[in-house]
file query_14.pdb (PDB, C-alpha atoms)
ATOM      1  CA  MET A   1      39.156  -9.254  30.501
ATOM      2  CA  SER A   2      39.536 -12.730  28.988
ATOM      3  CA  GLU A   3      42.152 -13.471  26.356
ATOM      4  CA  SER A   4      39.464 -13.733  23.672
ATOM      5  CA  ALA A   5      38.048 -10.310  24.638
ATOM      6  CA  GLU A   6      41.317  -8.401  24.139
ATOM      7  CA  LYS A   7      41.051  -6.980  20.619
ATOM      8  CA  VAL A   8      43.937  -7.619  18.242
ATOM      9  CA  GLU A   9      44.572  -5.120  15.474
ATOM     10  CA  ARG A  10      47.378  -5.371  12.938
ATOM     11  CA  SER A  11      48.254  -3.644   9.698
ATOM     12  CA  ASP A  12      47.668  -5.471   6.447
ATOM     13  CA  THR A  13      51.444  -5.862   6.104
ATOM     14  CA  ALA A  14      51.683  -7.412   9.582
ATOM     15  CA  TRP A  15      48.862  -9.874   8.791
ATOM     16  CA  ARG A  16      50.609 -10.895   5.563
ATOM     17  CA  GLU A  17      53.856 -11.521   7.455
ATOM     18  CA  LEU A  18      52.129 -13.517  10.207
ATOM     19  CA  LEU A  19      49.855 -15.732   8.094
ATOM     20  CA  THR A  20      50.412 -18.174   5.253
ATOM     21  CA  PRO A  21      48.958 -17.024   1.916
ATOM     22  CA  GLU A  22      45.972 -19.379   2.371
ATOM     23  CA  GLN A  23      45.347 -18.224   5.957
ATOM     24  CA  TYR A  24      45.524 -14.601   4.812
ATOM     25  CA  ARG A  25      43.060 -15.258   1.954
ATOM     26  CA  VAL A  26      40.562 -16.911   4.295
ATOM     27  CA  LEU A  27      40.964 -14.860   7.485
ATOM     28  CA  ARG A  28      41.549 -11.385   6.071
ATOM     29  CA  GLN A  29      39.877 -11.564   2.631
ATOM     30  CA  LYS A  30      36.863 -13.710   3.593
ATOM     31  CA  GLY A  31      37.946 -16.575   1.368
ATOM     32  CA  THR A  32      36.749 -20.172   1.530
ATOM     33  CA  GLU A  33      38.896 -23.250   1.108
ATOM     34  CA  LEU A  34      37.638 -25.956  -1.214
ATOM     35  CA  PRO A  35      35.498 -28.624   0.498
ATOM     36  CA  PHE A  36      37.332 -31.700   1.832
ATOM     37  CA  THR A  37      40.752 -30.041   1.401
ATOM     38  CA  GLY A  38      41.285 -28.603   4.896
ATOM     39  CA  VAL A  39      43.739 -30.410   7.162
ATOM     40  CA  LEU A  40      41.337 -30.309  10.130
ATOM     41  CA  THR A  41      38.215 -31.591   8.379
ATOM     42  CA  GLU A  42      38.879 -35.210   9.389
ATOM     43  CA  ASN A  43      40.656 -34.420  12.679
ATOM     44  CA  ARG A  44      39.182 -36.522  15.495
ATOM     45  CA  ALA A  45      41.797 -35.829  18.169
ATOM     46  CA  THR A  46      40.818 -34.385  21.528
ATOM     47  CA  GLY A  47      41.819 -30.775  22.030
ATOM     48  CA  SER A  48      40.910 -27.204  21.239
ATOM     49  CA  TYR A  49      40.625 -25.110  18.099
ATOM     50  CA  HIS A  50      42.101 -21.608  18.159
ATOM     51  CA  CYS A  51      42.094 -18.706  15.730
ATOM     52  CA  ALA A  52      45.078 -19.022  13.374
ATOM     53  CA  GLY A  53      45.345 -15.232  13.376
ATOM     54  CA  CYS A  54      45.367 -14.350  17.055
ATOM     55  CA  GLY A  55      45.281 -17.589  19.048
ATOM     56  CA  ALA A  56      41.890 -17.008  20.685
ATOM     57  CA  LEU A  57      40.093 -20.170  21.807
ATOM     58  CA  LEU A  58      37.160 -20.697  19.437
ATOM     59  CA  PHE A  59      35.912 -24.310  19.615
ATOM     60  CA  ASP A  60      36.417 -27.469  21.667
ATOM     61  CA  SER A  61      36.772 -30.890  20.053
ATOM     62  CA  LYS A  62      33.758 -32.070  22.089
ATOM     63  CA  ALA A  63      31.602 -29.782  19.925
ATOM     64  CA  LYS A  64      33.034 -31.072  16.615
ATOM     65  CA  PHE A  65      30.884 -33.428  14.558
ATOM     66  CA  GLU A  66      30.917 -35.050  11.134
ATOM     67  CA  SER A  67      28.468 -33.086   8.989
ATOM     68  CA  GLY A  68      29.612 -34.360   5.605
ATOM     69  CA  CYS A  69      29.828 -30.779   4.284
ATOM     70  CA  GLY A  70      33.603 -30.822   3.661
ATOM     71  CA  TRP A  71      34.645 -28.374   6.382
ATOM     72  CA  PRO A  72      35.187 -28.802  10.124
ATOM     73  CA  SER A  73      31.772 -28.471  11.791
ATOM     74  CA  PHE A  74      30.966 -27.556  15.377
ATOM     75  CA  THR A  75      27.716 -27.340  17.340
ATOM     76  CA  ILE A  76      28.741 -24.444  19.582
ATOM     77  CA  PRO A  77      31.704 -22.117  20.211
ATOM     78  CA  ALA A  78      33.921 -22.701  23.255
ATOM     79  CA  GLU A  79      32.552 -19.428  24.671
ATOM     80  CA  THR A  80      29.609 -17.420  23.369
ATOM     81  CA  ALA A  81      31.800 -14.315  23.195
ATOM     82  CA  ALA A  82      34.538 -16.093  21.185
ATOM     83  CA  VAL A  83      32.829 -15.498  17.847
ATOM     84  CA  GLU A  84      30.704 -12.795  16.296
ATOM     85  CA  GLU A  85      27.982 -13.290  13.709
ATOM     86  CA  HIS A  86      27.241 -10.972  10.782
ATOM     87  CA  GLU A  87      24.696 -10.997   7.971
ATOM     88  CA  ASP A  88      26.332 -12.041   4.692
ATOM     89  CA  LEU A  89      24.541 -11.371   1.396
ATOM     90  CA  SER A  90      27.667 -11.807  -0.766
ATOM     91  CA  LEU A  91      26.311 -14.733  -2.829
ATOM     92  CA  GLY A  92      22.886 -13.196  -3.295
ATOM     93  CA  ILE A  93      21.467 -15.325  -0.472
ATOM     94  CA  ARG A  94      21.245 -14.656   3.246
ATOM     95  CA  ARG A  95      23.939 -16.413   5.246
ATOM     96  CA  VAL A  96      25.423 -15.759   8.663
ATOM     97  CA  GLU A  97      29.169 -15.165   8.643
ATOM     98  CA  VAL A  98      31.211 -16.139  11.713
ATOM     99  CA  THR A  99      34.270 -14.080  12.660
ATOM    100  CA  CYS A 100      36.775 -14.223  15.504
ATOM    101  CA  ALA A 101      35.640 -11.760  18.158
ATOM    102  CA  ARG A 102      39.233 -10.969  19.078
ATOM    103  CA  CYS A 103      40.797 -10.156  15.678
ATOM    104  CA  GLY A 104      37.843 -10.034  13.291
ATOM    105  CA  GLY A 105      39.204 -12.842  11.128
ATOM    106  CA  HIS A 106      36.722 -14.634   8.862
ATOM    107  CA  LEU A 107      36.121 -18.186  10.097
ATOM    108  CA  GLY A 108      33.204 -19.445   8.022
ATOM    109  CA  HIS A 109      29.408 -19.491   8.420
ATOM    110  CA  VAL A 110      26.786 -20.851  10.793
ATOM    111  CA  PHE A 111      23.742 -22.711   9.487
ATOM    112  CA  PRO A 112      20.520 -23.868  11.187
ATOM    113  CA  ASP A 113      20.899 -27.504  10.065
ATOM    114  CA  GLY A 114      23.053 -28.972  12.831
ATOM    115  CA  PRO A 115      22.276 -31.600  15.453
ATOM    116  CA  LEU A 116      20.118 -31.054  18.511
ATOM    117  CA  PRO A 117      19.850 -29.515  21.042
ATOM    118  CA  ASP A 118      20.660 -26.175  19.362
ATOM    119  CA  GLY A 119      20.436 -27.266  15.730
ATOM    120  CA  LEU A 120      23.426 -25.174  14.662
ATOM    121  CA  ARG A 121      26.319 -26.079  12.378
ATOM    122  CA  TYR A 122      29.332 -23.807  12.588
ATOM    123  CA  CYS A 123      31.000 -24.559   9.251
ATOM    124  CA  ILE A 124      34.590 -23.358   9.703
ATOM    125  CA  ASN A 125      37.580 -23.194   7.348
ATOM    126  CA  SER A 126      40.589 -25.259   8.484
ATOM    127  CA  ALA A 127      42.861 -22.423   7.342
ATOM    128  CA  SER A 128      41.340 -20.150   9.976
ATOM    129  CA  LEU A 129      42.058 -22.616  12.792
ATOM    130  CA  ARG A 130      45.035 -23.878  14.776
ATOM    131  CA  PHE A 131      44.481 -27.145  16.658
ATOM    132  CA  GLU A 132      46.019 -27.804  20.075
ATOM    133  CA  ARG A 133      45.949 -31.440  21.141
ATOM    134  CA  ALA A 134      44.811 -31.987  24.728
ATOM    135  CA  LYS A 135      47.633 -32.809  27.114
ATOM    136  CA  VAL A 136      47.575 -36.360  28.427
ATOM    137  CA  PRO A 137      47.896 -36.473  32.250
ATOM    138  CA  GLY A 138      51.349 -37.605  33.293
ATOM    139  CA  SER A 139      53.040 -36.783  29.998
TER     140      SER A 139
END

call {"tool": "encode", "arguments": {"input": "query_14.pdb", "output": "structure tokens"}}
result
Amino acid sequence: MSESAEKVERSDTAWRELLTPEQYRVLRQKGTELPFTGVLTENRATGSYHCAGCGALLFDSKAKFESGCGWPSFTIPAETAAVEEHEDLSLGIRRVEVTCARCGGHLGHVFPDGPLPDGLRYCINSASLRFERAKVPGS
């Protein structure tokens, strides 16, 4: 079983102790950070994006692109099984919510307006992510 497939379950108290208030609001309460405020929105470094709640690998920097929407945007998850998609009617419109497959944390939404070849835009909250810079050979 891959790391991302091992389910992580914690009590609400444990989540509150592990996460910052903003991470808790986004990951556990399905919150959204304000556009252009997330620390990873403008990140252009090479590396990988992991769930801030459980550490599961979610996205690779090679899939990140500038969408202009105000949140980090990706064309595809690092692994298909890394994220789960759910219908979201919370704003009175149909959207597709994206959650971490390992811990169930809310990441953001996926929209059908991304670049080719798949045409998807995974619009993800910075607060739900932890970035790991790629190691430089010989360092």

call {"tool": "residues_near_point", "arguments": {"input": "query_14.pdb", "point": "(36.7, -17.2, 13.7)", "cutoff": "6 Å", "atoms": "all atoms listed in the file", "output": "PDB file with C-alpha atoms, in the coordinates of the input"}}
result
ATOM      1  CA  CYS A  51      42.094 -18.706  15.730  1.00  0.00           C
ATOM      2  CA  VAL A  83      32.829 -15.498  17.847  1.00  0.00           C
ATOM      3  CA  VAL A  98      31.211 -16.139  11.713  1.00  0.00           C
ATOM      4  CA  THR A  99      34.270 -14.080  12.660  1.00  0.00           C
ATOM      5  CA  CYS A 100      36.775 -14.223  15.504  1.00  0.00           C
ATOM      6  CA  GLY A 105      39.204 -12.842  11.128  1.00  0.00           C
ATOM      7  CA  HIS A 106      36.722 -14.634   8.862  1.00  0.00           C
ATOM      8  CA  LEU A 107      36.121 -18.186  10.097  1.00  0.00           C
TER       9      LEU A 107
END

call {"tool": "residues_around", "arguments": {"input": "query_14.pdb", "residues": "Phe36 of chain A", "least_positions_apart": "6", "cutoff": "10 Å", "atoms": "only C-alpha atoms", "output": "PyMOL selection string"}}
result
chain A and resi 42+68-72+126

call {"tool": "closest_residue", "arguments": {"input": "query_14.pdb", "among": "A:Ser128, A:Pro117, A:Ala134, A:Glu6", "to": "Glu22 of chain A", "atoms": "all atoms listed in the file"}}
result
A:Ser128

call {"tool": "residues_near_point", "arguments": {"input": "query_14.pdb", "point": "(35.0, -25.5, 10.2)", "cutoff": "10 Å", "atoms": "all atoms listed in the file", "output": "PDB file with C-alpha atoms, in the frame of the given file"}}
result
ATOM      1  CA  GLY A  38      41.285 -28.603   4.896  1.00  0.00           C
ATOM      2  CA  LEU A  40      41.337 -30.309  10.130  1.00  0.00           C
ATOM      3  CA  THR A  41      38.215 -31.591   8.379  1.00  0.00           C
ATOM      4  CA  TYR A  49      40.625 -25.110  18.099  1.00  0.00           C
ATOM      5  CA  PHE A  59      35.912 -24.310  19.615  1.00  0.00           C
ATOM      6  CA  LYS A  64      33.034 -31.072  16.615  1.00  0.00           C
ATOM      7  CA  PHE A  65      30.884 -33.428  14.558  1.00  0.00           C
ATOM      8  CA  CYS A  69      29.828 -30.779   4.284  1.00  0.00           C
ATOM      9  CA  GLY A  70      33.603 -30.822   3.661  1.00  0.00           C
ATOM     10  CA  TRP A  71      34.645 -28.374   6.382  1.00  0.00           C
ATOM     11  CA  PRO A  72      35.187 -28.802  10.124  1.00  0.00           C
ATOM     12  CA  SER A  73      31.772 -28.471  11.791  1.00  0.00           C
ATOM     13  CA  PHE A  74      30.966 -27.556  15.377  1.00  0.00           C
ATOM     14  CA  LEU A 107      36.121 -18.186  10.097  1.00  0.00           C
ATOM     15  CA  GLY A 108      33.204 -19.445   8.022  1.00  0.00           C
ATOM     16  CA  HIS A 109      29.408 -19.491   8.420  1.00  0.00           C
ATOM     17  CA  VAL A 110      26.786 -20.851  10.793  1.00  0.00           C
ATOM     18  CA  ARG A 121      26.319 -26.079  12.378  1.00  0.00           C
ATOM     19  CA  TYR A 122      29.332 -23.807  12.588  1.00  0.00           C
ATOM     20  CA  CYS A 123      31.000 -24.559   9.251  1.00  0.00           C
ATOM     21  CA  ILE A 124      34.590 -23.358   9.703  1.00  0.00           C
ATOM     22  CA  ASN A 125      37.580 -23.194   7.348  1.00  0.00           C
ATOM     23  CA  SER A 126      40.589 -25.259   8.484  1.00  0.00           C
ATOM     24  CA  ALA A 127      42.861 -22.423   7.342  1.00  0.00           C
ATOM     25  CA  SER A 128      41.340 -20.150   9.976  1.00  0.00           C
ATOM     26  CA  LEU A 129      42.058 -22.616  12.792  1.00  0.00           C
TER      27      LEU A 129
END

call {"tool": "closest_residue", "arguments": {"input": "query_14.pdb", "among": "A:Lys135, A:Arg130, A:Phe111, A:Glu66", "to": "Glu87 of chain A", "atoms": "all atoms listed in the file"}}
result
A:Phe111

call {"tool": "atom_distance", "arguments": {"input": "query_14.pdb", "atom1": "atom CA of Arg133 of chain A", "atom2": "atom CA of Ala78 of chain A"}}
result
15.0 Å

call {"tool": "decode", "arguments": {"input": "query_14.pdb", "residues": "segment 1-136 of chain A", "atoms": "C-alpha atoms", "output": "compact mmCIF listing (two decimals), in the first residue's frame"}}
result
# COMPACT_ATOMS: atom_id res chain seq x y z
CA MET A 1 0.00 0.00 0.00
CA SER A 2 1.45 3.39 -0.96
CA GLU A 3 1.89 6.15 1.60
CA SER A 4 -0.99 8.11 0.07
CA ALA A 5 -3.30 5.07 0.31
CA GLU A 6 -2.88 4.58 4.07
CA LYS A 7 -5.87 6.38 5.60
CA VAL A 8 -5.19 8.90 8.35
CA GLU A 9 -7.89 9.52 10.92
CA ARG A 10 -7.58 11.92 13.85
CA SER A 11 -9.94 13.42 16.37
CA ASP A 12 -11.01 17.01 15.96
CA THR A 13 -8.83 17.90 18.95
CA ALA A 14 -5.80 16.22 17.35
CA TRP A 15 -6.37 18.10 14.07
CA ARG A 16 -6.59 21.40 15.95
CA GLU A 17 -3.31 20.66 17.73
CA LEU A 18 -1.53 19.63 14.52
CA LEU A 19 -2.68 22.42 12.19
CA THR A 20 -2.51 26.20 12.29
CA PRO A 21 -5.90 27.90 12.65
CA GLU A 22 -5.92 28.74 8.91
CA GLN A 23 -4.95 25.18 7.91
CA TYR A 24 -7.67 23.80 10.18
CA ARG A 25 -10.28 26.17 8.69
CA VAL A 26 -9.39 25.16 5.14
CA LEU A 27 -8.59 21.45 5.53
CA ARG A 28 -11.14 20.41 8.15
CA GLN A 29 -13.93 23.00 7.71
CA LYS A 30 -13.80 23.31 3.90
CA GLY A 31 -12.72 26.94 4.03
CA THR A 32 -11.15 28.96 1.23
CA GLU A 33 -8.32 31.43 1.59
CA LEU A 34 -8.72 34.80 -0.08
CA PRO A 35 -7.37 34.94 -3.66
CA PHE A 36 -3.73 36.04 -4.07
CA THR A 37 -3.03 35.67 -0.33
CA GLY A 38 -1.62 32.12 -0.22
CA VAL A 39 2.13 31.76 0.22
CA LEU A 40 2.39 29.17 -2.57
CA THR A 41 0.40 31.01 -5.24
CA GLU A 42 3.52 32.57 -6.78
CA ASN A 43 5.91 29.72 -5.91
CA ARG A 44 7.92 28.73 -8.99
CA ALA A 45 10.50 26.49 -7.30
CA THR A 46 10.97 22.90 -8.38
CA GLY A 47 9.65 20.34 -5.93
CA SER A 48 6.55 18.61 -4.68
CA TYR A 49 3.36 19.68 -2.95
CA HIS A 50 2.12 17.58 -0.03
CA CYS A 51 -0.99 17.63 2.12
CA ALA A 52 -0.44 19.94 5.10
CA GLY A 53 -2.56 17.58 7.19
CA CYS A 54 -1.00 14.19 6.55
CA GLY A 55 2.02 14.69 4.29
CA ALA A 56 0.67 12.72 1.32
CA LEU A 57 2.18 13.66 -2.04
CA LEU A 58 -0.50 15.53 -4.00
CA PHE A 59 1.06 17.54 -6.86
CA ASP A 60 4.40 17.99 -8.61
CA SER A 61 5.74 21.43 -9.53
CA LYS A 62 5.89 20.30 -13.18
CA ALA A 63 2.08 20.31 -13.17
CA LYS A 64 1.80 23.82 -11.66
CA PHE A 65 0.83 26.67 -13.97
CA GLU A 66 -0.11 30.33 -13.73
CA SER A 67 -3.89 30.50 -14.13
CA GLY A 68 -4.38 34.03 -12.82
CA CYS A 69 -7.15 32.81 -10.48
CA GLY A 70 -5.34 33.70 -7.23
CA TRP A 71 -4.68 30.17 -5.98
CA PRO A 72 -2.01 27.61 -6.85
CA SER A 73 -3.20 25.77 -9.98
CA PHE A 74 -2.19 22.35 -11.25
CA THR A 75 -3.05 20.37 -14.38
CA ILE A 76 -2.94 16.93 -12.78
CA PRO A 77 -2.31 15.28 -9.39
CA ALA A 78 1.02 13.52 -8.77
CA GLU A 79 -0.92 10.23 -8.69
CA THR A 80 -4.53 9.68 -9.72
CA ALA A 81 -5.25 8.08 -6.35
CA ALA A 82 -3.77 11.02 -4.39
CA VAL A 83 -6.98 13.05 -4.50
CA GLU A 84 -10.68 12.33 -4.45
CA GLU A 85 -13.38 14.36 -6.15
CA HIS A 86 -16.85 15.08 -4.74
CA GLU A 87 -19.86 17.01 -6.01
CA ASP A 88 -20.15 20.36 -4.21
CA LEU A 89 -23.43 22.29 -4.37
CA SER A 90 -22.62 24.55 -1.39
CA LEU A 91 -22.79 27.84 -3.33
CA GLY A 92 -25.92 26.89 -5.23
CA ILE A 93 -23.85 25.91 -8.28
CA ARG A 94 -22.28 22.60 -9.23
CA ARG A 95 -18.57 22.44 -8.49
CA VAL A 96 -16.20 19.54 -7.97
CA GLU A 97 -14.44 19.56 -4.60
CA VAL A 98 -10.97 18.01 -4.33
CA THR A 99 -9.94 16.30 -1.09
CA CYS A 100 -6.83 14.45 0.05
CA ALA A 101 -7.45 10.74 -0.45
CA ARG A 102 -5.37 9.89 2.60
CA CYS A 103 -6.89 12.16 5.29
CA GLY A 104 -9.98 13.62 3.64
CA GLY A 105 -8.75 17.19 4.01
CA HIS A 106 -10.36 19.82 1.77
CA LEU A 107 -7.87 21.04 -0.84
CA GLY A 108 -9.94 23.14 -3.23
CA HIS A 109 -11.84 22.48 -6.48
CA VAL A 110 -11.17 21.24 -10.00
CA PHE A 111 -12.51 23.11 -13.02
CA PRO A 112 -12.69 22.21 -16.73
CA ASP A 113 -10.92 25.40 -17.88
CA GLY A 114 -7.26 24.41 -17.66
CA PRO A 115 -4.64 23.96 -20.37
CA LEU A 116 -4.47 21.05 -22.77
CA PRO A 117 -4.12 18.10 -22.98
CA ASP A 118 -6.61 17.37 -20.17
CA GLY A 119 -8.13 20.84 -19.82
CA LEU A 120 -8.29 20.64 -16.02
CA ARG A 121 -7.40 23.26 -13.43
CA TYR A 122 -6.94 21.98 -9.91
CA CYS A 123 -7.42 25.19 -7.92
CA ILE A 124 -5.85 24.44 -4.53
CA ASN A 125 -5.58 26.46 -1.31
CA SER A 126 -2.00 27.18 -0.20
CA ALA A 127 -3.06 26.51 3.39
CA SER A 128 -3.80 22.89 2.49
CA LEU A 129 -0.32 22.35 1.03
CA ARG A 130 3.24 21.91 2.25
CA PHE A 131 5.95 22.46 -0.37
CA GLU A 132 9.15 20.40 -0.45
CA ARG A 133 11.89 21.86 -2.62
CA ALA A 134 13.60 19.32 -4.88
CA LYS A 135 17.04 18.28 -3.69
CA VAL A 136 19.88 19.50 -5.88
